[in-house]
Amino acid sequence: MDTSLVKLISIFFIIISIFTPQALSQSDDECGEDTSSCNDKSAALPLKIIAIVTILITSMIGVCLPLFTRWIPALHPDRNLFVVVKAFAAGIILATGFMHVLPDSFDMLTSSCLKDNPWHKFPFSGFVAMLSAIATLMVDSLATSIYSKKCNSGVIPEAGERDQERAVASFGHVHGHAHGLSPDPKDADSNQQLLRYRVIAMVLELGIVVHSIVIGLSVGATNNTCTIKGLIAALCFHQMFEGMGLGGCILQAEYKLMKRLVMVFFFSVTTPFGIALGIALSKTYKENSPSSLITVGLLNASSAGLLIYMALVDLLSADFMGPKLQGNIKLQVKSYAAVLLGAGGMSLMAKWA
């Protein structure tokens, strides 16, 4: 399943690279072209290069921080601080879906540049986001079922590798035995939880890859220096804490080093890759052309539905309804405060980005 994820993300990169130029360079009628004094192509390029470097660095720091628990014991999964930080990161992801990605989709798909029929007569953004959330539920459920059956039947492809991995012994707790997923009925619950962590990490990674490329593409294609300056700060904040949320999921999934590195790599490079792709397409990209608005608007709606589902169901609900938080009211209150702080901070960023 981990190999399949890598293949899926790689195919997505290829599809975006091949079809985006075609989708965004159609000879559609343009409208609302940017004529402000901030529109300066020569001044925008250095800012885009700065954005690539800073976002790459902050992304790597954010996603790698939870993985270095050997040197930062306070962030180990069985510590309370880890739960609070994960709740904060989940709030970031939730606000990204509700306050950034979904509103952008509504703006694009209800633009005056699009024809009234059908774009102004039906809420496509909400509809696609709803379908995306349902599709994520289906993938989440089916992947867990298939993965569990393969594991229980002993035919899962990576079983040999897992013999060297540690298993999760209880919800939110990691113990130092290295016997993989045990068939012992006593360990059934912990084995099932480990499988859930792995599915969550993979699905969340895929959703983040989708919206990160779309965000990067819009940054790379715009020549508005006033917009780019605000976006750099907002995206660094966003990537740092969204990365911490993903890094926590990767850590709990108990992947081997190589799999962790692959997931860290894809998360770290997607937004810079999107910016570089946007720079390459800046001559043909027409931000307000109907084809651009429809393509990016639908991608934003689908990624919003996925992110909202993952944040509410697989991150927040799973933790808050789990035994660790249910048995500790004080920690529960701290985690609620962390969620509100993360969601509030990311919502505030919507003022600039």
# chains A, B, ... in the order shown; residues from 1 in each chain; ligands from 1

$ residues_around --residues "Gln239 of chain A" --least-positions-apart "3" --cutoff "10 Å" --atoms "only C-alpha atoms" --output "PyMOL selection string"
chain A and resi 55-63+92-93+208+212+234-236+242-245+267-268+271

$ write_last_selection --atoms "N, CA and C atoms" --output "PDB file, in the first residue's frame"
ATOM      1  N   ILE A  55       9.710  28.290   1.700  1.00  0.00           N
ATOM      2  CA  ILE A  55       8.628  27.311   1.898  1.00  0.00           C
ATOM      3  C   ILE A  55       9.191  25.894   1.962  1.00  0.00           C
ATOM      4  N   LEU A  56      10.218  25.609   1.159  1.00  0.00           N
ATOM      5  CA  LEU A  56      10.858  24.287   1.205  1.00  0.00           C
ATOM      6  C   LEU A  56      11.466  24.040   2.586  1.00  0.00           C
ATOM      7  N   ILE A  57      12.171  25.046   3.112  1.00  0.00           N
ATOM      8  CA  ILE A  57      12.825  24.895   4.418  1.00  0.00           C
ATOM      9  C   ILE A  57      11.797  24.744   5.532  1.00  0.00           C
ATOM     10  N   THR A  58      10.781  25.606   5.559  1.00  0.00           N
ATOM     11  CA  THR A  58       9.779  25.532   6.633  1.00  0.00           C
ATOM     12  C   THR A  58       8.968  24.241   6.539  1.00  0.00           C
ATOM     13  N   SER A  59       8.716  23.764   5.314  1.00  0.00           N
ATOM     14  CA  SER A  59       7.991  22.496   5.147  1.00  0.00           C
ATOM     15  C   SER A  59       8.785  21.341   5.733  1.00  0.00           C
ATOM     16  N   MET A  60      10.086  21.312   5.453  1.00  0.00           N
ATOM     17  CA  MET A  60      10.949  20.240   5.957  1.00  0.00           C
ATOM     18  C   MET A  60      11.045  20.291   7.480  1.00  0.00           C
ATOM     19  N   ILE A  61      11.166  21.500   8.022  1.00  0.00           N
ATOM     20  CA  ILE A  61      11.244  21.638   9.480  1.00  0.00           C
ATOM     21  C   ILE A  61       9.952  21.149  10.125  1.00  0.00           C
ATOM     22  N   GLY A  62       8.813  21.575   9.582  1.00  0.00           N
ATOM     23  CA  GLY A  62       7.527  21.210  10.161  1.00  0.00           C
ATOM     24  C   GLY A  62       7.266  19.720  10.147  1.00  0.00           C
ATOM     25  N   VAL A  63       7.467  19.068   8.996  1.00  0.00           N
ATOM     26  CA  VAL A  63       7.142  17.645   8.885  1.00  0.00           C
ATOM     27  C   VAL A  63       8.171  16.765   9.597  1.00  0.00           C
ATOM     28  N   ILE A  92      -5.131  23.780  12.186  1.00  0.00           N
ATOM     29  CA  ILE A  92      -4.550  24.430  11.014  1.00  0.00           C
ATOM     30  C   ILE A  92      -5.127  23.812   9.735  1.00  0.00           C
ATOM     31  N   ILE A  93      -5.144  22.478   9.681  1.00  0.00           N
ATOM     32  CA  ILE A  93      -5.627  21.766   8.499  1.00  0.00           C
ATOM     33  C   ILE A  93      -7.117  22.035   8.284  1.00  0.00           C
ATOM     34  N   ILE A 208      -2.966  16.688   0.928  1.00  0.00           N
ATOM     35  CA  ILE A 208      -2.069  17.840   1.054  1.00  0.00           C
ATOM     36  C   ILE A 208      -1.301  18.079  -0.242  1.00  0.00           C
ATOM     37  N   SER A 212      -1.491  21.607  -2.194  1.00  0.00           N
ATOM     38  CA  SER A 212      -0.208  22.311  -2.163  1.00  0.00           C
ATOM     39  C   SER A 212       0.251  22.684  -3.571  1.00  0.00           C
ATOM     40  N   ALA A 234       2.325  33.790   4.893  1.00  0.00           N
ATOM     41  CA  ALA A 234       1.185  32.937   5.220  1.00  0.00           C
ATOM     42  C   ALA A 234       1.472  31.469   4.902  1.00  0.00           C
ATOM     43  N   LEU A 235       2.106  31.207   3.755  1.00  0.00           N
ATOM     44  CA  LEU A 235       2.378  29.825   3.360  1.00  0.00           C
ATOM     45  C   LEU A 235       3.454  29.185   4.226  1.00  0.00           C
ATOM     46  N   CYS A 236       4.429  29.960   4.665  1.00  0.00           N
ATOM     47  CA  CYS A 236       5.449  29.418   5.575  1.00  0.00           C
ATOM     48  C   CYS A 236       4.798  28.963   6.881  1.00  0.00           C
ATOM     49  N   GLU A 242       1.048  22.554   9.230  1.00  0.00           N
ATOM     50  CA  GLU A 242       0.410  21.446   8.520  1.00  0.00           C
ATOM     51  C   GLU A 242       1.391  20.279   8.442  1.00  0.00           C
ATOM     52  N   GLY A 243       2.672  20.602   8.249  1.00  0.00           N
ATOM     53  CA  GLY A 243       3.704  19.571   8.243  1.00  0.00           C
ATOM     54  C   GLY A 243       3.822  18.867   9.578  1.00  0.00           C
ATOM     55  N   MET A 244       3.662  19.609  10.662  1.00  0.00           N
ATOM     56  CA  MET A 244       3.714  18.985  11.986  1.00  0.00           C
ATOM     57  C   MET A 244       2.558  17.998  12.172  1.00  0.00           C
ATOM     58  N   GLY A 245       1.384  18.361  11.640  1.00  0.00           N
ATOM     59  CA  GLY A 245       0.250  17.439  11.715  1.00  0.00           C
ATOM     60  C   GLY A 245       0.515  16.169  10.927  1.00  0.00           C
ATOM     61  N   PHE A 267       5.886  15.802   0.656  1.00  0.00           N
ATOM     62  CA  PHE A 267       5.244  16.949   1.306  1.00  0.00           C
ATOM     63  C   PHE A 267       6.077  18.216   1.120  1.00  0.00           C
ATOM     64  N   SER A 268       7.387  18.091   1.286  1.00  0.00           N
ATOM     65  CA  SER A 268       8.260  19.258   1.269  1.00  0.00           C
ATOM     66  C   SER A 268       8.354  19.917  -0.107  1.00  0.00           C
ATOM     67  N   THR A 271       4.679  22.189  -2.800  1.00  0.00           N
ATOM     68  CA  THR A 271       4.413  23.621  -2.994  1.00  0.00           C
ATOM     69  C   THR A 271       5.525  24.293  -3.801  1.00  0.00           C
TER      70      THR A 271
END

$ residues_around --residues "Leu298 of chain A" --least-positions-apart "2" --cutoff "9 Å" --atoms "only C-alpha atoms" --output "list in words"
Ser105, Met108, Leu109, Phe124, Ser125, Val128, Ala129, Leu293, Ile294, Thr295, Val296, Asn300, Ala301, Ser302 and Ser303 of chain A

$ write_last_selection --atoms "C-alpha atoms" --output "mmCIF file, in the first residue's frame"
data_model
loop_
_atom_site.group_PDB
_atom_site.id
_atom_site.type_symbol
_atom_site.label_atom_id
_atom_site.label_comp_id
_atom_site.auth_asym_id
_atom_site.auth_seq_id
_atom_site.Cartn_x
_atom_site.Cartn_y
_atom_site.Cartn_z
ATOM 1 C CA SER A 105 -13.147 27.593 -5.025
ATOM 2 C CA MET A 108 -13.450 30.988 -8.903
ATOM 3 C CA LEU A 109 -16.546 28.999 -9.841
ATOM 4 C CA PHE A 124 -20.494 23.395 -7.759
ATOM 5 C CA SER A 125 -17.895 24.127 -5.064
ATOM 6 C CA VAL A 128 -17.669 18.787 -5.345
ATOM 7 C CA ALA A 129 -16.398 19.268 -1.758
ATOM 8 C CA LEU A 293 -11.028 29.224 -13.143
ATOM 9 C CA ILE A 294 -12.858 25.930 -13.710
ATOM 10 C CA THR A 295 -9.753 23.712 -13.451
ATOM 11 C CA VAL A 296 -8.322 25.291 -10.306
ATOM 12 C CA ASN A 300 -9.680 23.418 -4.738
ATOM 13 C CA ALA A 301 -13.183 22.140 -3.978
ATOM 14 C CA SER A 302 -12.076 18.499 -4.041
ATOM 15 C CA SER A 303 -9.040 19.125 -1.843
#

$ closest_residue --among "A:Gly97, A:Pro123, A:Gly207, A:Gly220" --to "Pro46 of chain A" --atoms "only C-alpha atoms"
A:Gly220

$ atom_distance --atom1 "atom CA of Trp71 of chain A" --atom2 "atom CA of Lys256 of chain A"
17.7 Å

$ atom_distance --atom1 "atom CA of Ser289 of chain A" --atom2 "atom CA of Lys115 of chain A"
11.5 Å

$ closest_residue --among "A:Leu114, A:Met130, A:Ala74, A:Ile215" --to "Ala276 of chain A" --atoms "only C-alpha atoms"
A:Ile215

$ closest_residue --among "A:Ile275, A:Lys351, A:Leu331, A:His211" --to "Val101 of chain A" --atoms "only C-alpha atoms"
A:His211

$ closest_residue --among "A:Leu194, A:Val269, A:Ala280, A:Leu204" --to "Gly247 of chain A" --atoms "only C-alpha atoms"
A:Leu204

$ select_by_dssp --residues "segment 184-290 of chain A" --states "helix (DSSP H, G or I)" --output "PyMOL selection string"
chain A and resi 185-221+225-252+257-280+290

$ closest_residue --among "A:Thr270, A:Asn117, A:Ser145, A:Gln193" --to "Gly322 of chain A" --atoms "only C-alpha atoms"
A:Gln193

$ closest_residue --among "A:Ser42, A:Thr110, A:Ser335, A:Gln192" --to "Asp319 of chain A" --atoms "only C-alpha atoms"
A:Ser335

$ residues_around --residues "Val339 of chain A" --least-positions-apart "4" --cutoff "8 Å" --atoms "only C-alpha atoms" --output "list in words"
Ala87, Phe88, Ala89, Ala90, Gly91, Ile92, Ser335 and Ala343 of chain A
